[in-house]
file final-v1.cif (mmCIF, C-alpha atoms and all ligand atoms)
data_query
#
loop_
_atom_site.label_atom_id
_atom_site.label_comp_id
_atom_site.auth_asym_id
_atom_site.auth_seq_id
_atom_site.Cartn_x
_atom_site.Cartn_y
_atom_site.Cartn_z
CA MET A 1 0.00 0.00 0.00
CA ARG A 2 1.59 3.23 -1.10
CA HIS A 3 0.66 6.40 0.64
CA ILE A 4 1.09 9.82 -0.76
CA PRO A 5 4.32 11.55 0.11
CA LEU A 6 3.95 14.23 2.71
CA LEU A 7 5.16 17.17 0.75
CA SER A 8 6.44 20.38 2.17
CA ARG A 9 4.29 22.15 -0.41
CA LYS A 10 2.51 25.08 1.15
CA ARG A 11 0.81 25.13 1.08
CA ARG A 12 -28.06 23.20 11.03
CA THR A 13 -28.85 21.14 9.94
CA GLY A 14 -31.73 18.83 10.55
CA VAL A 15 -29.69 15.81 9.93
CA SER A 16 -31.83 12.78 10.01
CA LEU A 17 -30.86 9.85 12.11
CA ARG A 18 -31.15 7.89 8.92
CA LEU A 19 -27.79 9.31 7.97
CA PHE A 20 -25.98 6.56 9.73
CA ARG A 21 -28.52 3.81 9.68
CA ARG A 22 -28.07 0.71 7.68
CA SER A 23 -30.78 1.69 5.25
CA ALA A 24 -29.76 5.29 5.40
CA SER A 25 -31.26 6.96 2.44
CA LEU A 26 -29.75 10.33 3.18
CA LEU A 27 -26.29 9.17 2.35
CA LEU A 28 -27.61 7.73 -0.88
CA LEU A 29 -29.45 10.85 -1.82
CA LEU A 30 -27.11 13.41 -0.44
CA PRO A 31 -25.56 15.33 -3.27
CA ALA A 32 -21.81 15.26 -3.39
CA ILE A 33 -21.81 18.56 -1.63
CA VAL A 34 -24.25 19.96 0.81
CA LEU A 35 -26.51 22.61 -0.50
CA THR A 36 -27.14 24.56 2.66
CA ALA A 37 -23.73 26.19 2.69
CA VAL A 38 -24.77 28.79 0.19
CA GLN A 39 -23.50 31.60 2.34
CA LEU A 40 -20.05 30.67 1.19
CA CYS A 41 -18.62 33.44 -0.92
CA ALA A 42 -17.16 31.33 -3.68
CA GLN A 43 -15.99 33.37 -6.58
CA ALA A 44 -16.80 32.68 -10.17
CA PRO A 45 -14.42 30.10 -11.50
CA THR A 46 -11.87 31.02 -14.09
CA ALA A 47 -12.65 27.87 -15.99
CA TYR A 48 -16.36 28.19 -16.35
CA THR A 49 -16.89 24.90 -18.07
CA ALA A 50 -14.93 21.70 -18.27
CA LYS A 51 -14.40 22.33 -21.95
CA GLU A 52 -13.05 25.82 -21.35
CA LEU A 53 -10.71 24.51 -18.68
CA LEU A 54 -8.69 22.69 -21.29
CA THR A 55 -8.15 25.90 -23.23
CA THR A 56 -6.46 27.61 -20.28
CA ASP A 57 -2.86 27.31 -19.19
CA PRO A 58 -2.69 24.62 -16.51
CA ARG A 59 -0.42 26.87 -14.47
CA VAL A 60 -3.09 29.55 -14.44
CA PHE A 61 -5.63 27.04 -13.23
CA THR A 62 -3.42 25.63 -10.51
CA GLY A 63 -2.67 29.17 -9.42
CA TRP A 64 -6.38 29.89 -9.34
CA LEU A 65 -6.91 26.85 -7.13
CA GLU A 66 -4.49 28.34 -4.64
CA THR A 67 -5.80 31.88 -4.67
CA HIS A 68 -9.52 31.09 -4.81
CA ARG A 69 -9.68 28.36 -2.24
CA PRO A 70 -12.63 28.99 0.07
CA PRO A 71 -11.84 29.20 3.77
CA LEU A 72 -12.29 26.08 5.82
CA VAL A 73 -15.30 25.77 8.05
CA SER A 74 -14.34 27.34 11.36
CA PRO A 75 -13.68 25.08 14.35
CA SER A 76 -16.77 26.37 16.17
CA GLN A 77 -18.97 25.92 13.13
CA LYS A 78 -17.57 22.46 12.57
CA ALA A 79 -18.23 21.57 16.19
CA ARG A 80 -21.86 22.64 15.82
CA ILE A 81 -22.25 20.59 12.66
CA LEU A 82 -20.73 17.55 14.29
CA GLU A 83 -23.14 17.87 17.19
CA THR A 84 -26.02 17.48 14.78
CA LEU A 85 -24.82 14.13 13.54
CA PRO A 86 -26.42 11.07 15.05
CA SER A 87 -24.24 8.76 17.05
CA LYS A 88 -25.88 5.62 15.71
CA GLY A 89 -24.74 4.20 12.45
CA GLU A 90 -21.16 5.34 12.62
CA ILE A 91 -18.60 2.58 12.49
CA THR A 92 -15.80 3.39 14.89
CA SER A 93 -14.20 -0.02 15.22
CA LEU A 94 -12.15 -0.73 12.13
CA ASP A 95 -9.72 -3.44 11.24
CA ASP A 96 -6.09 -2.68 10.43
CA ALA A 97 -6.76 -2.31 6.73
CA GLY A 98 -9.54 0.18 7.35
CA ARG A 99 -7.44 2.20 9.76
CA GLN A 100 -4.58 2.35 7.29
CA LYS A 101 -6.88 3.59 4.55
CA LEU A 102 -8.23 6.34 6.78
CA ALA A 103 -4.69 7.26 7.74
CA ALA A 104 -3.90 7.63 4.04
CA LEU A 105 -6.95 9.81 3.59
CA LYS A 106 -5.80 12.03 6.44
CA GLN A 107 -2.41 12.29 4.75
CA LEU A 108 -4.17 13.65 1.69
CA LEU A 109 -6.02 16.19 3.82
CA GLN A 110 -2.80 17.16 5.52
CA ALA A 111 -0.90 17.52 2.25
CA THR A 112 -3.63 19.81 0.93
CA ASP A 113 -3.79 21.86 4.14
CA ARG A 114 -7.26 20.65 5.02
CA GLU A 115 -6.58 18.34 7.91
CA SER A 116 -8.08 20.68 10.48
CA GLY A 117 -11.12 21.40 8.37
CA TYR A 118 -12.52 17.92 7.97
CA GLU A 119 -13.69 15.04 10.09
CA VAL A 120 -13.78 11.60 8.53
CA LYS A 121 -16.50 9.14 9.46
CA VAL A 122 -17.33 5.65 8.27
CA THR A 123 -21.03 4.87 8.05
CA ASP A 124 -22.83 1.58 8.29
CA VAL A 125 -24.22 1.86 4.79
CA ALA A 126 -23.96 -0.84 2.17
CA TYR A 127 -24.21 1.41 -0.87
CA ALA A 128 -20.71 2.42 -1.91
CA ARG A 129 -20.33 6.15 -1.71
CA ILE A 130 -18.20 8.97 -0.42
CA VAL A 131 -19.72 12.37 0.19
CA VAL A 132 -18.83 15.56 1.96
CA PHE A 133 -21.36 16.85 4.43
CA GLU A 134 -21.56 20.57 5.20
CA ARG A 135 -18.06 21.11 3.82
CA CYS A 136 -16.44 19.58 6.86
CA VAL A 137 -17.37 15.91 7.25
CA ILE A 138 -16.26 13.23 4.84
CA LEU A 139 -18.68 10.33 5.05
CA ILE A 140 -17.46 7.02 3.73
CA SER A 141 -19.81 4.08 3.53
CA LYS A 142 -18.42 0.82 4.83
CA SER A 143 -18.58 -0.79 1.40
CA ALA A 144 -16.64 2.06 -0.16
CA LEU A 145 -13.98 1.67 2.49
CA MET A 146 -13.82 -2.04 1.77
CA LEU A 147 -13.69 -1.67 -2.01
CA LEU A 148 -11.14 1.08 -2.32
CA ASP A 149 -7.48 0.96 -1.54
CA ALA A 150 -5.65 3.86 0.07
CA GLU A 151 -4.82 5.69 -3.14
CA ASP A 152 -8.32 5.23 -4.50
CA LEU A 153 -9.64 6.81 -1.36
CA GLN A 154 -7.20 9.68 -1.60
CA ALA A 155 -8.12 10.37 -5.22
CA LEU A 156 -11.85 10.34 -4.49
CA ALA A 157 -11.36 12.57 -1.46
CA ALA A 158 -9.49 14.99 -3.72
CA HIS A 159 -12.58 15.08 -5.95
CA GLU A 160 -14.89 15.66 -3.00
CA ILE A 161 -12.90 18.51 -1.55
CA GLY A 162 -12.76 19.94 -5.06
CA HIS A 163 -16.46 20.69 -4.63
CA GLU A 164 -15.42 23.41 -2.18
CA TYR A 165 -14.81 25.67 -5.14
CA PHE A 166 -18.27 25.25 -6.58
CA THR A 167 -20.54 25.21 -3.57
CA VAL A 168 -22.65 28.14 -4.68
CA GLU A 169 -22.74 27.11 -8.30
CA TYR A 170 -23.66 23.57 -7.41
CA ALA A 171 -26.49 24.73 -5.18
CA SER A 172 -27.78 27.03 -7.87
CA ALA A 173 -27.64 24.36 -10.56
CA PHE A 174 -29.25 21.82 -8.25
CA THR A 175 -32.10 24.19 -7.41
CA SER A 176 -32.74 24.99 -11.04
CA ARG A 177 -32.34 21.35 -12.05
CA ASP A 178 -29.60 22.27 -14.44
CA HIS A 179 -28.42 18.72 -14.93
CA ARG A 180 -26.00 19.70 -17.65
CA ARG A 181 -24.20 22.14 -15.36
CA LEU A 182 -24.19 19.65 -12.50
CA LYS A 183 -22.52 17.11 -14.74
CA ASP A 184 -20.04 19.73 -15.84
CA LEU A 185 -19.21 20.59 -12.24
CA GLU A 186 -18.51 16.91 -11.58
CA LEU A 187 -16.02 16.95 -14.42
CA LEU A 188 -14.41 20.09 -13.04
CA CYS A 189 -14.05 18.38 -9.67
CA ASP A 190 -12.47 15.43 -11.45
CA ALA A 191 -10.02 17.89 -12.96
CA ILE A 192 -9.23 19.36 -9.55
CA ALA A 193 -8.67 15.87 -8.19
CA ILE A 194 -6.36 15.00 -11.05
CA VAL A 195 -4.38 18.21 -10.57
CA THR A 196 -4.17 17.53 -6.85
CA VAL A 197 -2.98 13.93 -7.05
CA HIS A 198 -0.61 14.80 -9.88
CA ARG A 199 1.01 17.51 -7.79
CA LEU A 200 1.32 15.10 -4.89
CA GLY A 201 3.18 12.61 -7.05
CA MET A 202 0.37 10.13 -7.35
CA ASN A 203 -1.05 8.47 -10.45
CA PRO A 204 -4.01 10.53 -11.76
CA ALA A 205 -5.51 7.36 -13.23
CA ARG A 206 -6.42 6.28 -9.71
CA LEU A 207 -9.37 8.63 -9.72
CA LEU A 208 -11.28 6.98 -12.53
CA GLY A 209 -10.19 3.56 -11.36
CA ALA A 210 -11.85 4.31 -8.03
CA VAL A 211 -14.96 5.73 -9.66
CA GLU A 212 -15.31 2.59 -11.74
CA LYS A 213 -14.89 0.29 -8.75
CA ILE A 214 -17.67 2.02 -6.89
CA THR A 215 -19.93 2.28 -9.91
CA ARG A 216 -19.57 -1.37 -10.86
CA TYR A 217 -20.26 -2.43 -7.29
CA ASN A 218 -23.40 -0.35 -7.00
CA GLN A 219 -24.63 -1.34 -10.46
CA LYS A 220 -24.30 -4.97 -9.53
CA LEU A 221 -25.88 -4.83 -6.08
CA TYR A 222 -28.15 -1.80 -6.29
CA PRO A 223 -29.08 -1.35 -9.94
CA THR A 224 -32.34 0.39 -9.17
CA ARG A 225 -30.68 2.98 -6.98
CA ILE A 226 -28.32 4.27 -9.61
CA ASP A 227 -29.32 7.76 -10.65
CA GLY A 228 -27.10 9.30 -13.25
CA THR A 229 -29.22 12.39 -13.70
CA ASN A 230 -26.59 14.72 -12.34
CA TYR A 231 -23.47 12.74 -13.14
CA PRO A 232 -21.49 12.20 -16.31
CA THR A 233 -21.18 8.64 -17.49
CA ILE A 234 -18.04 6.68 -16.73
CA ALA A 235 -17.07 6.94 -20.38
CA GLU A 236 -17.45 10.74 -20.28
CA ARG A 237 -15.44 10.98 -17.10
CA ARG A 238 -12.72 8.71 -18.40
CA SER A 239 -12.47 10.61 -21.66
CA PHE A 240 -12.26 13.93 -19.85
CA ALA A 241 -9.73 12.59 -17.36
CA HIS A 242 -7.47 11.51 -20.21
CA ARG A 243 -7.67 14.96 -21.71
CA VAL A 244 -6.99 16.63 -18.38
CA THR A 245 -3.96 14.45 -17.77
CA ALA A 246 -2.56 15.25 -21.21
CA TRP A 247 -3.32 18.94 -20.68
CA LEU A 248 -1.43 18.87 -17.39
CA GLN A 249 1.55 17.15 -18.93
CA ARG A 250 1.70 19.66 -21.75
CA GLY A 251 1.69 22.45 -19.20
CA LEU A 252 4.42 20.80 -17.15
CA VAL A 253 2.67 21.68 -13.92
ZN ZN A 301 -18.61 15.12 -7.18
#
call {"tool": "encode", "arguments": {"input": "final-v1.cif", "output": "structure tokens", "more": "lines below"}}
Ligand SMILES: [Zn+2]
result
Amino acid sequence: MRHIPLLSRKRRTGVSLRLFRRSASLLLLLPAIVLTAVQLCAQAPTAYTAKELLTTDPRVFTGWLETHRPPLVSPSQKARILETLPSKGEITSLDDAGRQKLAALKQLLQATDRESGYEVKVTDVAYARIVVFERCVILISKSALMLLDAEDLQALAAHEIGHEYFTVEYASAFTSRDHRRLKDLELLCDAIAIVTVHRLGMNPARLLGAVEKITRYNQKLYPTRIDGTNYPTIAERRSFAHRVTAWLQRGLV
């Protein structure tokens, strides 16, 4: 199991108790980001669409990621959010493999200067999924933790924290049912994840590998629960990821 190198790079929720229950539907339905955090003053992205992203200089985009990063949720706000979470349904007793994977995930958060901003929790949910709740809690279902190896988990976490940049836009698109824009934002978060793992010396291909593992698992066991309304297809994501990787390499970021 290879962990990411620790670089010196600078760098209210009426939560239902169902969140952690075995049949928890909230985790299944929860969008990849939480829509109540609309007070966040995210600025308009430089790369407005995934397509436009590839026409920019990768160095400009990576610079934008540094300068436009939204502030982390404050410790007091995070504490309040954590208090709203139910105690039931969280898995706190993990085996060695599970603990090592979470340690790798925390390395990713540390390497991206987000360690203090996020709590990581494993939920007793069979559907494989990772989501960020209220911009400060990473929820990992037990099946996702089982399926993914450490680098998969790191790459998917990089995608999830990429949503930080688009909180307002995502909420707006979700409210207006702009499925096209929601899909585009997913691709942009894939791009952020690829940039992130690339800069940390990891293999960018891990992102789509992890997405495919989770998708195949859920398609096999929960075919009726799959809802691709707001998500690009695997083929679209893979195609875009290839283009992003080539774009990065051309830019020598
Ligand atoms: Zn996403």
call {"tool": "atom_distance", "arguments": {"input": "final-v1.cif", "atom1": "atom CA of Phe166 of chain A", "atom2": "atom CA of Pro223 of chain A"}}
result
28.9 Å
call {"tool": "atom_distance", "arguments": {"input": "final-v1.cif", "atom1": "atom CA of His198 of chain A", "atom2": "atom ZN of ligand ZN 301 (chain A)"}}
result
18.2 Å
call {"tool": "closest_residue", "arguments": {"input": "final-v1.cif", "among": "A:Tyr222, A:Pro232, A:Pro86, A:Tyr127", "to": "Arg180 of chain A", "atoms": "all atoms listed in the file"}}
result
A:Pro232
call {"tool": "closest_atom_pairs", "arguments": {"input": "final-v1.cif", "of": "chain A", "to": "ligand ZN 301 (chain A)", "cutoff": "9 Å", "atoms": "only C-alpha atoms and all ligand atoms", "output": "CSV"}}
result
residue,atom,partner,partner_atom,distance
A:Pro31,CA,A:ZN301,ZN,8.0
A:Ala32,CA,A:ZN301,ZN,5.0
A:Ile33,CA,A:ZN301,ZN,7.3
A:Val131,CA,A:ZN301,ZN,7.9
A:Leu156,CA,A:ZN301,ZN,8.7
A:His159,CA,A:ZN301,ZN,6.2
A:Glu160,CA,A:ZN301,ZN,5.6
A:Ile161,CA,A:ZN301,ZN,8.7
A:Gly162,CA,A:ZN301,ZN,7.9
A:His163,CA,A:ZN301,ZN,6.5
A:Leu182,CA,A:ZN301,ZN,8.9
A:Lys183,CA,A:ZN301,ZN,8.7
A:Leu185,CA,A:ZN301,ZN,7.5
A:Glu186,CA,A:ZN301,ZN,4.8
A:Leu187,CA,A:ZN301,ZN,7.9
A:Leu188,CA,A:ZN301,ZN,8.8
A:Cys189,CA,A:ZN301,ZN,6.1
A:Asp190,CA,A:ZN301,ZN,7.5
A:Tyr231,CA,A:ZN301,ZN,8.1
call {"tool": "atom_distance", "arguments": {"input": "final-v1.cif", "atom1": "atom CA of Pro75 of chain A", "atom2": "atom CA of Asp113 of chain A"}}
result
14.6 Å
